[in-house]
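Novice: What follows is input.pdb; its format and atoms are PDB, C-alpha atoms, pLDDT in the B column.
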```pdb
ATOM      1  CA  MET O   1      23.029 -18.959   1.644  1.00 78.00           C
ATOM      2  CA  ILE O   2      23.300 -15.179   1.796  1.00 88.00           C
ATOM      3  CA  GLU O   3      21.231 -13.320  -0.812  1.00 91.00           C
ATOM      4  CA  LYS O   4      20.856  -9.632  -1.593  1.00 94.00           C
ATOM      5  CA  THR O   5      17.543  -8.005  -2.482  1.00 96.00           C
ATOM      6  CA  ARG O   6      15.653  -4.770  -2.117  1.00 96.00           C
ATOM      7  CA  GLY O   7      12.715  -4.706   0.262  1.00 97.00           C
ATOM      8  CA  ILE O   8       9.799  -2.565   1.416  1.00 98.00           C
ATOM      9  CA  PHE O   9       9.154  -2.728   5.145  1.00 97.00           C
ATOM     10  CA  LEU O  10       5.553  -3.544   6.070  1.00 97.00           C
ATOM     11  CA  HIS O  11       5.248  -4.555   9.714  1.00 96.00           C
ATOM     12  CA  ALA O  12       7.131  -5.772  12.781  1.00 94.00           C
ATOM     13  CA  VAL O  13       6.400  -7.320  16.167  1.00 92.00           C
ATOM     14  CA  LYS O  14       8.688  -7.576  19.177  1.00 84.00           C
ATOM     15  CA  TYR O  15      10.345 -10.996  19.431  1.00 85.00           C
ATOM     16  CA  SER O  16      12.493 -10.529  22.517  1.00 81.00           C
ATOM     17  CA  GLU O  17      14.024  -7.655  24.431  1.00 80.00           C
ATOM     18  CA  THR O  18      16.424  -6.962  21.585  1.00 82.00           C
ATOM     19  CA  SER O  19      14.936  -8.658  18.496  1.00 86.00           C
ATOM     20  CA  LEU O  20      12.098  -8.208  16.020  1.00 89.00           C
ATOM     21  CA  ILE O  21      10.117 -10.335  13.618  1.00 94.00           C
ATOM     22  CA  ALA O  22       9.762  -8.180  10.511  1.00 94.00           C
ATOM     23  CA  THR O  23       7.489  -8.627   7.504  1.00 96.00           C
ATOM     24  CA  ILE O  24       9.101  -7.212   4.366  1.00 97.00           C
ATOM     25  CA  TYR O  25       7.950  -7.248   0.760  1.00 97.00           C
ATOM     26  CA  THR O  26      11.085  -8.181  -1.164  1.00 96.00           C
ATOM     27  CA  GLU O  27      11.897  -7.662  -4.807  1.00 96.00           C
ATOM     28  CA  ALA O  28      13.336 -11.155  -5.241  1.00 94.00           C
ATOM     29  CA  TYR O  29      11.076 -13.325  -3.057  1.00 94.00           C
ATOM     30  CA  GLY O  30       7.798 -11.486  -2.510  1.00 94.00           C
ATOM     31  CA  ARG O  31       6.446 -11.225   1.017  1.00 95.00           C
ATOM     32  CA  GLN O  32       8.828 -12.727   3.559  1.00 95.00           C
ATOM     33  CA  THR O  33       9.201 -12.807   7.322  1.00 95.00           C
ATOM     34  CA  PHE O  34      12.566 -12.289   9.015  1.00 93.00           C
ATOM     35  CA  ILE O  35      14.000 -12.557  12.492  1.00 91.00           C
ATOM     36  CA  VAL O  36      16.130  -9.470  13.107  1.00 89.00           C
ATOM     37  CA  SER O  37      18.336 -10.477  16.023  1.00 84.00           C
ATOM     38  CA  GLY O  38      19.751  -7.976  18.491  1.00 79.00           C
ATOM     39  CA  VAL O  39      18.390  -4.983  16.610  1.00 78.00           C
ATOM     40  CA  ARG O  40      17.792  -3.110  19.880  1.00 75.00           C
ATOM     41  CA  SER O  41      21.240  -3.812  21.303  1.00 74.00           C
ATOM     42  CA  LYS O  42      24.055  -1.255  21.322  1.00 71.00           C
ATOM     43  CA  ASN O  43      26.326  -3.357  19.137  1.00 72.00           C
ATOM     44  CA  SER O  44      23.795  -4.150  16.439  1.00 76.00           C
ATOM     45  CA  THR O  45      24.853  -3.498  12.841  1.00 79.00           C
ATOM     46  CA  VAL O  46      21.180  -3.017  11.899  1.00 84.00           C
ATOM     47  CA  ARG O  47      19.447   0.055  13.314  1.00 84.00           C
ATOM     48  CA  ALA O  48      15.903  -0.393  14.616  1.00 83.00           C
ATOM     49  CA  SER O  49      15.046   3.070  13.278  1.00 87.00           C
ATOM     50  CA  ILE O  50      15.108   1.862   9.657  1.00 92.00           C
ATOM     51  CA  PHE O  51      12.042  -0.302  10.229  1.00 93.00           C
ATOM     52  CA  GLN O  52       9.466   2.384   9.519  1.00 95.00           C
ATOM     53  CA  PRO O  53       6.308   2.025   7.364  1.00 96.00           C
ATOM     54  CA  LEU O  54       7.184   1.477   3.690  1.00 97.00           C
ATOM     55  CA  TYR O  55      10.856   2.412   4.007  1.00 97.00           C
ATOM     56  CA  LEU O  56      12.850   1.191   1.002  1.00 97.00           C
ATOM     57  CA  LEU O  57      15.666  -1.091   2.161  1.00 97.00           C
ATOM     58  CA  ASP O  58      18.710  -2.900   0.828  1.00 96.00           C
ATOM     59  CA  LEU O  59      18.826  -6.325   2.461  1.00 95.00           C
ATOM     60  CA  GLU O  60      21.290  -9.152   3.013  1.00 94.00           C
ATOM     61  CA  ILE O  61      19.361 -12.233   4.041  1.00 92.00           C
ATOM     62  CA  TYR O  62      19.883 -15.865   4.899  1.00 90.00           C
ATOM     63  CA  TYR O  63      17.294 -17.301   2.529  1.00 89.00           C
ATOM     64  CA  LYS O  64      16.247 -20.938   2.272  1.00 87.00           C
ATOM     65  CA  PRO O  65      13.245 -21.880   0.081  1.00 85.00           C
ATOM     66  CA  GLY O  66      10.402 -23.461   1.996  1.00 83.00           C
ATOM     67  CA  ARG O  67      11.121 -21.805   5.317  1.00 88.00           C
ATOM     68  CA  GLU O  68       8.438 -19.632   6.894  1.00 90.00           C
ATOM     69  CA  ILE O  69      10.909 -17.395   8.710  1.00 92.00           C
ATOM     70  CA  HIS O  70      14.354 -16.356   7.505  1.00 92.00           C
ATOM     71  CA  ARG O  71      17.178 -14.480   9.158  1.00 91.00           C
ATOM     72  CA  LEU O  72      18.227 -11.002   8.216  1.00 91.00           C
ATOM     73  CA  LYS O  73      21.988 -10.445   8.183  1.00 90.00           C
ATOM     74  CA  ASN O  74      22.068  -6.765   7.333  1.00 91.00           C
ATOM     75  CA  ALA O  75      19.769  -3.962   6.220  1.00 93.00           C
ATOM     76  CA  ARG O  76      20.110  -0.311   5.379  1.00 94.00           C
ATOM     77  CA  ILE O  77      17.906   2.373   3.891  1.00 95.00           C
ATOM     78  CA  SER O  78      18.129   2.198   0.116  1.00 94.00           C
ATOM     79  CA  SER O  79      16.600   5.553  -0.821  1.00 89.00           C
ATOM     80  CA  PRO O  80      16.155   7.867   2.179  1.00 94.00           C
ATOM     81  CA  TYR O  81      12.940   9.881   2.149  1.00 96.00           C
ATOM     82  CA  SER O  82      13.392  13.621   2.327  1.00 96.00           C
ATOM     83  CA  THR O  83       9.825  14.711   3.144  1.00 97.00           C
ATOM     84  CA  ILE O  84       7.667  11.717   4.124  1.00 97.00           C
ATOM     85  CA  PRO O  85       8.964  11.474   7.723  1.00 96.00           C
ATOM     86  CA  PHE O  86       8.420  15.211   8.293  1.00 96.00           C
ATOM     87  CA  ASP O  87       5.095  15.868   6.509  1.00 96.00           C
ATOM     88  CA  ILE O  88       2.209  14.543   8.589  1.00 96.00           C
ATOM     89  CA  ARG O  89      -0.078  14.298   5.537  1.00 95.00           C
ATOM     90  CA  LYS O  90       2.446  12.067   3.768  1.00 96.00           C
ATOM     91  CA  SER O  91       3.516  10.003   6.774  1.00 97.00           C
ATOM     92  CA  THR O  92      -0.105   9.296   7.729  1.00 97.00           C
ATOM     93  CA  GLN O  93      -0.936   8.127   4.208  1.00 97.00           C
ATOM     94  CA  VAL O  94       2.146   5.886   4.228  1.00 98.00           C
ATOM     95  CA  LEU O  95       1.111   4.399   7.592  1.00 97.00           C
ATOM     96  CA  PHE O  96      -2.345   3.691   6.178  1.00 98.00           C
ATOM     97  CA  LEU O  97      -1.018   2.151   2.951  1.00 98.00           C
ATOM     98  CA  ALA O  98       1.477   0.008   4.882  1.00 98.00           C
ATOM     99  CA  GLU O  99      -1.423  -1.504   6.816  1.00 97.00           C
ATOM    100  CA  ILE O 100      -3.340  -2.214   3.603  1.00 97.00           C
ATOM    101  CA  LEU O 101      -0.302  -3.762   1.902  1.00 97.00           C
ATOM    102  CA  TYR O 102       0.539  -5.885   4.947  1.00 96.00           C
ATOM    103  CA  LYS O 103      -2.946  -7.397   4.790  1.00 94.00           C
ATOM    104  CA  CYS O 104      -3.161  -7.760   0.994  1.00 94.00           C
ATOM    105  CA  LEU O 105       0.321  -8.882  -0.086  1.00 92.00           C
ATOM    106  CA  ARG O 106       0.406 -12.587   0.628  1.00 84.00           C
ATOM    107  CA  GLU O 107       2.367 -14.133  -2.217  1.00 82.00           C
ATOM    108  CA  GLU O 108       5.833 -15.466  -1.507  1.00 79.00           C
ATOM    109  CA  GLU O 109       7.022 -15.158  -5.087  1.00 82.00           C
ATOM    110  CA  THR O 110       8.653 -12.598  -7.326  1.00 88.00           C
ATOM    111  CA  ASN O 111       6.485  -9.828  -8.723  1.00 93.00           C
ATOM    112  CA  ALA O 112       8.890  -7.229 -10.074  1.00 93.00           C
ATOM    113  CA  GLU O 113       6.111  -5.112 -11.571  1.00 96.00           C
ATOM    114  CA  LEU O 114       4.318  -4.810  -8.250  1.00 96.00           C
ATOM    115  CA  PHE O 115       7.518  -4.056  -6.358  1.00 97.00           C
ATOM    116  CA  ASP O 116       8.492  -1.360  -8.854  1.00 97.00           C
ATOM    117  CA  PHE O 117       5.028   0.194  -8.720  1.00 97.00           C
ATOM    118  CA  ILE O 118       5.130   0.493  -4.935  1.00 97.00           C
ATOM    119  CA  ALA O 119       8.722   1.793  -4.850  1.00 97.00           C
ATOM    120  CA  HIS O 120       8.138   4.290  -7.670  1.00 96.00           C
ATOM    121  CA  SER O 121       4.904   5.543  -6.099  1.00 96.00           C
ATOM    122  CA  LEU O 122       6.555   6.117  -2.726  1.00 97.00           C
ATOM    123  CA  THR O 123       9.417   8.017  -4.344  1.00 96.00           C
ATOM    124  CA  LEU O 124       6.857  10.103  -6.215  1.00 94.00           C
ATOM    125  CA  LEU O 125       4.993  10.922  -2.992  1.00 95.00           C
ATOM    126  CA  ASP O 126       8.252  11.907  -1.322  1.00 96.00           C
ATOM    127  CA  LEU O 127       9.163  14.305  -4.147  1.00 94.00           C
ATOM    128  CA  THR O 128       5.711  15.788  -4.774  1.00 91.00           C
ATOM    129  CA  GLU O 129       4.920  19.086  -3.088  1.00 86.00           C
ATOM    130  CA  THR O 130       1.332  19.792  -4.166  1.00 83.00           C
ATOM    131  CA  GLY O 131      -1.891  17.847  -4.643  1.00 83.00           C
ATOM    132  CA  ILE O 132      -0.955  14.996  -2.317  1.00 90.00           C
ATOM    133  CA  SER O 133      -4.152  14.702  -0.267  1.00 92.00           C
ATOM    134  CA  ASN O 134      -5.632  12.195  -2.723  1.00 93.00           C
ATOM    135  CA  PHE O 135      -2.449  10.163  -3.245  1.00 95.00           C
ATOM    136  CA  HIS O 136      -3.655   7.205  -1.163  1.00 96.00           C
ATOM    137  CA  ILE O 137      -6.830   6.935  -3.244  1.00 95.00           C
ATOM    138  CA  TRP O 138      -4.873   7.001  -6.502  1.00 95.00           C
ATOM    139  CA  PHE O 139      -2.461   4.391  -5.103  1.00 96.00           C
ATOM    140  CA  LEU O 140      -5.197   2.008  -3.966  1.00 97.00           C
ATOM    141  CA  PHE O 141      -6.972   2.275  -7.307  1.00 95.00           C
ATOM    142  CA  LYS O 142      -3.828   1.605  -9.353  1.00 95.00           C
ATOM    143  CA  LEU O 143      -2.758  -1.170  -6.977  1.00 96.00           C
ATOM    144  CA  THR O 144      -5.839  -3.207  -7.954  1.00 95.00           C
ATOM    145  CA  ARG O 145      -4.213  -3.965 -11.303  1.00 94.00           C
ATOM    146  CA  TYR O 146      -1.205  -5.606  -9.665  1.00 94.00           C
ATOM    147  CA  LEU O 147      -3.374  -7.523  -7.204  1.00 93.00           C
ATOM    148  CA  GLY O 148      -5.519  -8.943 -10.006  1.00 92.00           C
ATOM    149  CA  ILE O 149      -8.738  -7.220  -8.911  1.00 93.00           C
ATOM    150  CA  ASN O 150      -8.721  -4.222 -11.253  1.00 91.00           C
ATOM    151  CA  PRO O 151     -12.132  -2.944 -12.365  1.00 90.00           C
ATOM    152  CA  SER O 152     -13.123  -3.263 -15.994  1.00 88.00           C
ATOM    153  CA  ARG O 153     -13.245   0.097 -17.724  1.00 86.00           C
ATOM    154  CA  ASP O 154     -15.927  -1.009 -20.182  1.00 88.00           C
ATOM    155  CA  ASN O 155     -18.966   1.302 -20.176  1.00 83.00           C
ATOM    156  CA  SER O 156     -17.435   3.575 -17.530  1.00 80.00           C
ATOM    157  CA  LEU O 157     -18.428   6.720 -19.464  1.00 77.00           C
ATOM    158  CA  ILE O 158     -22.035   5.742 -20.085  1.00 78.00           C
ATOM    159  CA  SER O 159     -22.994   3.909 -16.885  1.00 85.00           C
ATOM    160  CA  ASN O 160     -24.632   5.332 -13.781  1.00 89.00           C
ATOM    161  CA  PHE O 161     -23.412   2.672 -11.371  1.00 92.00           C
ATOM    162  CA  PHE O 162     -20.278   0.698 -10.537  1.00 92.00           C
ATOM    163  CA  ASP O 163     -21.014  -2.760  -9.170  1.00 92.00           C
ATOM    164  CA  LEU O 164     -18.385  -3.487  -6.511  1.00 93.00           C
ATOM    165  CA  GLN O 165     -19.106  -7.203  -6.494  1.00 93.00           C
ATOM    166  CA  SER O 166     -18.732  -7.805 -10.225  1.00 92.00           C
ATOM    167  CA  ALA O 167     -16.174  -4.993 -10.752  1.00 91.00           C
ATOM    168  CA  LEU O 168     -18.244  -3.757 -13.695  1.00 91.00           C
ATOM    169  CA  PHE O 169     -19.870  -0.467 -14.675  1.00 91.00           C
ATOM    170  CA  VAL O 170     -23.574  -1.098 -15.190  1.00 91.00           C
ATOM    171  CA  SER O 171     -26.539   0.933 -16.443  1.00 89.00           C
ATOM    172  CA  HIS O 172     -29.075  -0.346 -13.899  1.00 91.00           C
ATOM    173  CA  GLU O 173     -28.903  -0.242 -10.128  1.00 90.00           C
ATOM    174  CA  PRO O 174     -27.717  -3.620  -8.786  1.00 90.00           C
ATOM    175  CA  VAL O 175     -30.090  -5.635  -6.593  1.00 91.00           C
ATOM    176  CA  HIS O 176     -27.559  -5.583  -3.730  1.00 93.00           C
ATOM    177  CA  SER O 177     -26.172  -2.565  -1.836  1.00 92.00           C
ATOM    178  CA  GLN O 178     -22.518  -2.766  -2.866  1.00 93.00           C
ATOM    179  CA  PHE O 179     -22.342  -0.218  -5.670  1.00 92.00           C
ATOM    180  CA  THR O 180     -21.607   3.449  -6.306  1.00 92.00           C
ATOM    181  CA  ASP O 181     -24.338   5.954  -7.166  1.00 91.00           C
ATOM    182  CA  LYS O 182     -24.193   8.236 -10.193  1.00 90.00           C
ATOM    183  CA  GLN O 183     -22.070  10.950  -8.552  1.00 91.00           C
ATOM    184  CA  LEU O 184     -19.618   8.488  -7.053  1.00 91.00           C
ATOM    185  CA  THR O 185     -19.407   6.561 -10.316  1.00 90.00           C
ATOM    186  CA  ILE O 186     -18.193   9.714 -12.078  1.00 90.00           C
ATOM    187  CA  LEU O 187     -15.586  10.319  -9.367  1.00 90.00           C
ATOM    188  CA  PHE O 188     -14.533   6.670  -9.395  1.00 88.00           C
ATOM    189  CA  SER O 189     -14.213   6.402 -13.188  1.00 88.00           C
ATOM    190  CA  SER O 190     -12.033   9.524 -13.320  1.00 89.00           C
ATOM    191  CA  LEU O 191      -9.269   7.515 -11.628  1.00 91.00           C
ATOM    192  CA  PHE O 192      -8.663   5.555 -14.827  1.00 89.00           C
ATOM    193  CA  ASP O 193      -7.209   8.622 -16.549  1.00 88.00           C
ATOM    194  CA  VAL O 194      -4.947   9.854 -13.753  1.00 88.00           C
ATOM    195  CA  GLY O 195      -1.310   8.838 -14.179  1.00 86.00           C
ATOM    196  CA  SER O 196       1.579   9.185 -11.760  1.00 83.00           C
ATOM    197  CA  SER O 197       2.461  12.584 -13.236  1.00 80.00           C
ATOM    198  CA  SER O 198      -1.028  14.048 -12.860  1.00 83.00           C
ATOM    199  CA  ILE O 199      -2.253  13.048  -9.387  1.00 87.00           C
ATOM    200  CA  GLU O 200      -2.764  16.718  -8.543  1.00 81.00           C
ATOM    201  CA  LYS O 201      -5.611  16.734 -11.092  1.00 80.00           C
ATOM    202  CA  LEU O 202      -7.693  14.677  -8.684  1.00 83.00           C
ATOM    203  CA  GLY O 203      -9.558  17.635  -7.276  1.00 82.00           C
ATOM    204  CA  TYR O 204     -11.662  15.746  -4.760  1.00 88.00           C
ATOM    205  CA  THR O 205     -13.193  17.786  -1.977  1.00 88.00           C
ATOM    206  CA  GLN O 206     -12.878  16.520   1.578  1.00 88.00           C
ATOM    207  CA  ASN O 207     -16.316  14.897   1.407  1.00 90.00           C
ATOM    208  CA  GLU O 208     -15.685  13.386  -2.040  1.00 91.00           C
ATOM    209  CA  ARG O 209     -12.374  11.957  -0.823  1.00 91.00           C
ATOM    210  CA  LYS O 210     -14.153  10.391   2.160  1.00 92.00           C
ATOM    211  CA  LEU O 211     -16.866   8.816  -0.002  1.00 93.00           C
ATOM    212  CA  VAL O 212     -14.524   7.471  -2.683  1.00 93.00           C
ATOM    213  CA  LEU O 213     -12.171   6.005  -0.075  1.00 95.00           C
ATOM    214  CA  GLU O 214     -15.060   4.297   1.712  1.00 94.00           C
ATOM    215  CA  LYS O 215     -16.133   2.621  -1.525  1.00 94.00           C
ATOM    216  CA  LEU O 216     -12.586   1.658  -2.443  1.00 95.00           C
ATOM    217  CA  LEU O 217     -12.118   0.003   0.943  1.00 96.00           C
ATOM    218  CA  GLU O 218     -15.461  -1.742   0.554  1.00 95.00           C
ATOM    219  CA  TYR O 219     -14.244  -2.991  -2.829  1.00 95.00           C
ATOM    220  CA  TYR O 220     -11.018  -4.297  -1.261  1.00 95.00           C
ATOM    221  CA  LYS O 221     -12.938  -6.041   1.518  1.00 94.00           C
ATOM    222  CA  ILE O 222     -15.085  -7.847  -1.046  1.00 93.00           C
ATOM    223  CA  HIS O 223     -11.973  -9.244  -2.732  1.00 90.00           C
ATOM    224  CA  PHE O 224      -9.813  -9.666   0.406  1.00 90.00           C
ATOM    225  CA  ASP O 225     -12.038 -11.061   3.133  1.00 84.00           C
ATOM    226  CA  HIS O 226      -9.166 -10.981   5.636  1.00 83.00           C
ATOM    227  CA  LEU O 227      -8.729  -7.203   5.338  1.00 88.00           C
ATOM    228  CA  GLY O 228     -10.740  -6.533   8.486  1.00 87.00           C
ATOM    229  CA  GLU O 229     -10.622  -3.268  10.389  1.00 91.00           C
ATOM    230  CA  ILE O 230      -8.086  -0.698   9.179  1.00 94.00           C
ATOM    231  CA  LYS O 231      -6.798   0.762  12.430  1.00 94.00           C
ATOM    232  CA  SER O 232      -5.051   3.742  10.822  1.00 96.00           C
ATOM    233  CA  LEU O 233      -8.142   4.893   8.910  1.00 94.00           C
ATOM    234  CA  GLU O 234      -9.503   7.262  11.548  1.00 93.00           C
ATOM    235  CA  VAL O 235      -6.127   8.959  11.941  1.00 95.00           C
ATOM    236  CA  LEU O 236      -5.951   9.380   8.163  1.00 94.00           C
ATOM    237  CA  LYS O 237      -9.396  10.980   8.051  1.00 91.00           C
ATOM    238  CA  GLU O 238      -8.483  13.355  10.859  1.00 92.00           C
ATOM    239  CA  VAL O 239      -5.225  14.479   9.262  1.00 93.00           C
ATOM    240  CA  LEU O 240      -6.714  14.987   5.788  1.00 89.00           C
ATOM    241  CA  ARG O 241      -9.761  16.940   6.949  1.00 80.00           C
TER     242      ARG O 241
END
```
How does this structure look as C-alpha cells?

Specialist:
Amino acid sequence: MIEKTRGIFLHAVKYSETSLIATIYTEAYGRQTFIVSGVRSKNSTVRASIFQPLYLLDLEIYYKPGREIHRLKNARISSPYSTIPFDIRKSTQVLFLAEILYKCLREEETNAELFDFIAHSLTLLDLTETGISNFHIWFLFKLTRYLGINPSRDNSLISNFFDLQSALFVSHEPVHSQFTDKQLTILFSSLFDVGSSSIEKLGYTQNERKLVLEKLLEYYKIHFDHLGEIKSLEVLKEVLR
C-alpha cells in the first residue's frame, strides 16, 4: 500500500551500483529504512542529490507494518534550504546532528512532537543569520526532552554540580567523575532558559562551547550506550574554532 509522509533524511549506504538503502525519520512511522532503487540511474524519478544530511523530504512509500525494510516510490525536497548547504558553519553542524540522530532515534513509531521539533529547528537554523555557532548545543540540550532523558531543573540555580549519571543538580561533588564543575554547571543550567527565538543569547566562548559540548556528549553516551565515536566531531570543532 502506498502511503505519503514527510521525512528527515539521516543516513544512507550503497546497495548496488544504482541503488541505496536510506534511513529516514518519518513523521508517520518514526525511524524507517528504505530501498531506493535505481536512484543513480539516468531515468530515475528520485534524484540522489536530495539525500543529504537532515534534508526535509516529502515521501511516497510502499509501507507494510512489520517489515524491516520498505520501498520508496518517490521523494522530493519538501522545504529547500536556502543557506545550510552554502554556509560551512551550518552544514557542519547539520552533519554532526545527523550522525547523533541516526544513532539515537531508534523507535519505529509515530512521535509528531519530536518530528516537529527537528523540522522546526532546522528551518530556524536555515533562516538565522547571527549567533549560530552554539546552535548544535542548544539543539542537543532541547532534544533530551523528546528522547526522555531531559535533566531535572530542580536546584539548578543553587547547586554547584550537575550529576550526569542521575541527571540532577546537586550541592555536593559526586563520588564518580561524571559531573560538571561549578563553572560548567552555570553554563549548562543557562540552557534551560534559551528558547528557539533567543539562541543568539548563548554567548559561549570557543573554549566554553568545547567544554559544554564534551559534557553533553558524555551525558548522551551515559544514556545511549550505542552512541560510540562521533566521526564528525573533529570537523565540527575545526570549523567552529

Novice: Which one is closest to O:Asn150: O:Leu191, O:Ala75, O:Leu105, O:Ala112? Count only C-alpha atoms.

Specialist: O:Leu191

Novice: What's the separation between atom CA of O:Arg40 and atom CA of O:Ser19, in Å to one decimal place?

Specialist: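 One can read the atom CA of O:Arg40 to atom CA of O:Ser19 distance as 6.4 Å.
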
Novice: At what distance in Å, to one decimal, does atom CA of O:Ser16 lie from atom CA of O:Ile100?

Specialist: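 Computed distance, atom CA of O:Ile100 to atom CA of O:Ser16, equals 26.0 Å.
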
Novice: Could you tell me which of O:Leu57, O:Ala48, O:Leu114, O:Leu125 comes closest to O:Ser82 if we count all atoms listed in the file?

Specialist: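 Using all atoms listed in the file, the shortest distance to O:Ser82 belongs to O:Leu125.
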
Novice: Write out as a ChimeraX atom specification the residues lying within 12 Å of O:Leu127, counting only C-alpha atoms and excluding same-chain residues fewer than 5 positions away.

Specialist: /O:79-84,87,90,120-122,132,196-197

Novice: Would you compute the distance between atom CA of O:Val46 and atom CA of O:Asn74? Give it in Å to one decimal.

Specialist: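 Going from atom CA of O:Val46 over to atom CA of O:Asn74 covers 6.0 Å.
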
Novice: Hey, what's within 9 Å of stretch 158-165 of chain O if we count all atoms listed in the file and toss same-chain stuff fewer than 3 positions away? As a PyMOL selection string, please?

Specialist: chain O and resi 151+155+168-174+176-186+188-189+215-216+218-219+222-223

Novice: Go through the shown structure with the PyMOL selection byres ((chain O and resi 229) around 12) and write out the matching residues as a PyMOL selection string.

Specialist: chain O and resi 96+99-100+103+217-218+220-221+224-228+230-234

Novice: If the PyMOL selection byres ((chain O and resi 51) around 9) is run on the structure shown, which residues does it catch, given as a PyMOL selection string?

Specialist: chain O and resi 9-12+22+47-50+52-55+57

Novice: Anything within 9 Å of (6.9, -7.7, -3.3): list those residues as a list in words, counting all atoms listed in the file and sticking to the file's coordinates.

Specialist: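 Answer for this query, in the requested form: Gly7, Ile8, Ile24, Tyr25, Thr26, Glu27, Ala28, Tyr29, Gly30, Arg31, Gln32, Leu105, Glu107, Glu108, Glu109, Thr110, Asn111, Ala112, Glu113, Leu114, Phe115, Asp116 and Ile118 of chain O.
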
Novice: Using only C-alpha atoms, can you tell me which of O:Leu101, O:Leu20, O:Ile88, O:Leu95 comes closest to O:Gly38?

Specialist: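 Looking only at the distances to O:Gly38, the closest residue turns out to be O:Leu20.
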
Novice: On this structure, which residues satisfy the PyMOL selection byres ((chain O and resi 67) around 12), written as a PDB file with C-alpha atoms, in the frame of the given file?

Specialist:
```pdb
ATOM      1  CA  TYR O  29      11.076 -13.325  -3.057  1.00 94.00           C
ATOM      2  CA  GLN O  32       8.828 -12.727   3.559  1.00 95.00           C
ATOM      3  CA  THR O  33       9.201 -12.807   7.322  1.00 95.00           C
ATOM      4  CA  PHE O  34      12.566 -12.289   9.015  1.00 93.00           C
ATOM      5  CA  TYR O  62      19.883 -15.865   4.899  1.00 90.00           C
ATOM      6  CA  TYR O  63      17.294 -17.301   2.529  1.00 89.00           C
ATOM      7  CA  LYS O  64      16.247 -20.938   2.272  1.00 87.00           C
ATOM      8  CA  PRO O  65      13.245 -21.880   0.081  1.00 85.00           C
ATOM      9  CA  GLY O  66      10.402 -23.461   1.996  1.00 83.00           C
ATOM     10  CA  GLU O  68       8.438 -19.632   6.894  1.00 90.00           C
ATOM     11  CA  ILE O  69      10.909 -17.395   8.710  1.00 92.00           C
ATOM     12  CA  HIS O  70      14.354 -16.356   7.505  1.00 92.00           C
ATOM     13  CA  ARG O  71      17.178 -14.480   9.158  1.00 91.00           C
ATOM     14  CA  GLU O 108       5.833 -15.466  -1.507  1.00 79.00           C
TER      15      GLU O 108
END
```

Novice: Pick from O:Ile35, O:Leu187, O:Leu97, O:Ala167: nearest to O:Leu143, with only C-alpha atoms counted?

Specialist: O:Leu97

Novice: Box for stretch 224-236 of chain O - axis-aligned, 4 Å on each of the six sides, all listed atoms - centre and size in Å to one decimal, as JSON.

Specialist:
```
{"center_x": -8.5, "center_y": -0.8, "center_z": 6.4, "size_x": 15.0, "size_y": 28.4, "size_z": 20.0}
```

Novice: Rebuild N, CA and C atoms on stretch 52-63 of chain O, as a PDB file, in the coordinates of the input?

Specialist:
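Okay, out.pdb is ready:
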```
ATOM      1  N   GLN O  52      10.586   1.460   9.505  1.00 95.00           N
ATOM      2  CA  GLN O  52       9.466   2.384   9.519  1.00 95.00           C
ATOM      3  C   GLN O  52       8.558   2.075   8.326  1.00 95.00           C
ATOM      4  N   PRO O  53       7.257   2.397   8.419  1.00 96.00           N
ATOM      5  CA  PRO O  53       6.308   2.025   7.364  1.00 96.00           C
ATOM      6  C   PRO O  53       6.767   2.391   5.962  1.00 96.00           C
ATOM      7  N   LEU O  54       6.867   1.366   5.115  1.00 97.00           N
ATOM      8  CA  LEU O  54       7.184   1.477   3.690  1.00 97.00           C
ATOM      9  C   LEU O  54       8.540   2.110   3.394  1.00 97.00           C
ATOM     10  N   TYR O  55       9.491   1.995   4.321  1.00 97.00           N
ATOM     11  CA  TYR O  55      10.856   2.412   4.007  1.00 97.00           C
ATOM     12  C   TYR O  55      11.436   1.442   2.975  1.00 97.00           C
ATOM     13  N   LEU O  56      12.197   1.984   2.042  1.00 97.00           N
ATOM     14  CA  LEU O  56      12.850   1.191   1.002  1.00 97.00           C
ATOM     15  C   LEU O  56      14.220   0.762   1.518  1.00 97.00           C
ATOM     16  N   LEU O  57      14.473  -0.546   1.523  1.00 97.00           N
ATOM     17  CA  LEU O  57      15.666  -1.091   2.161  1.00 97.00           C
ATOM     18  C   LEU O  57      16.503  -1.928   1.200  1.00 97.00           C
ATOM     19  N   ASP O  58      17.802  -1.939   1.449  1.00 96.00           N
ATOM     20  CA  ASP O  58      18.710  -2.900   0.828  1.00 96.00           C
ATOM     21  C   ASP O  58      18.986  -3.979   1.872  1.00 96.00           C
ATOM     22  N   LEU O  59      18.761  -5.231   1.499  1.00 95.00           N
ATOM     23  CA  LEU O  59      18.826  -6.325   2.461  1.00 95.00           C
ATOM     24  C   LEU O  59      19.883  -7.354   2.105  1.00 95.00           C
ATOM     25  N   GLU O  60      20.507  -7.919   3.123  1.00 94.00           N
ATOM     26  CA  GLU O  60      21.290  -9.152   3.013  1.00 94.00           C
ATOM     27  C   GLU O  60      20.594 -10.167   3.899  1.00 94.00           C
ATOM     28  N   ILE O  61      20.184 -11.290   3.314  1.00 92.00           N
ATOM     29  CA  ILE O  61      19.361 -12.233   4.041  1.00 92.00           C
ATOM     30  C   ILE O  61      19.907 -13.655   3.926  1.00 92.00           C
ATOM     31  N   TYR O  62      19.633 -14.430   4.962  1.00 90.00           N
ATOM     32  CA  TYR O  62      19.883 -15.865   4.899  1.00 90.00           C
ATOM     33  C   TYR O  62      18.582 -16.492   4.404  1.00 90.00           C
ATOM     34  N   TYR O  63      18.543 -16.839   3.130  1.00 89.00           N
ATOM     35  CA  TYR O  63      17.294 -17.301   2.529  1.00 89.00           C
ATOM     36  C   TYR O  63      17.378 -18.787   2.194  1.00 89.00           C
TER      37      TYR O  63
END
```
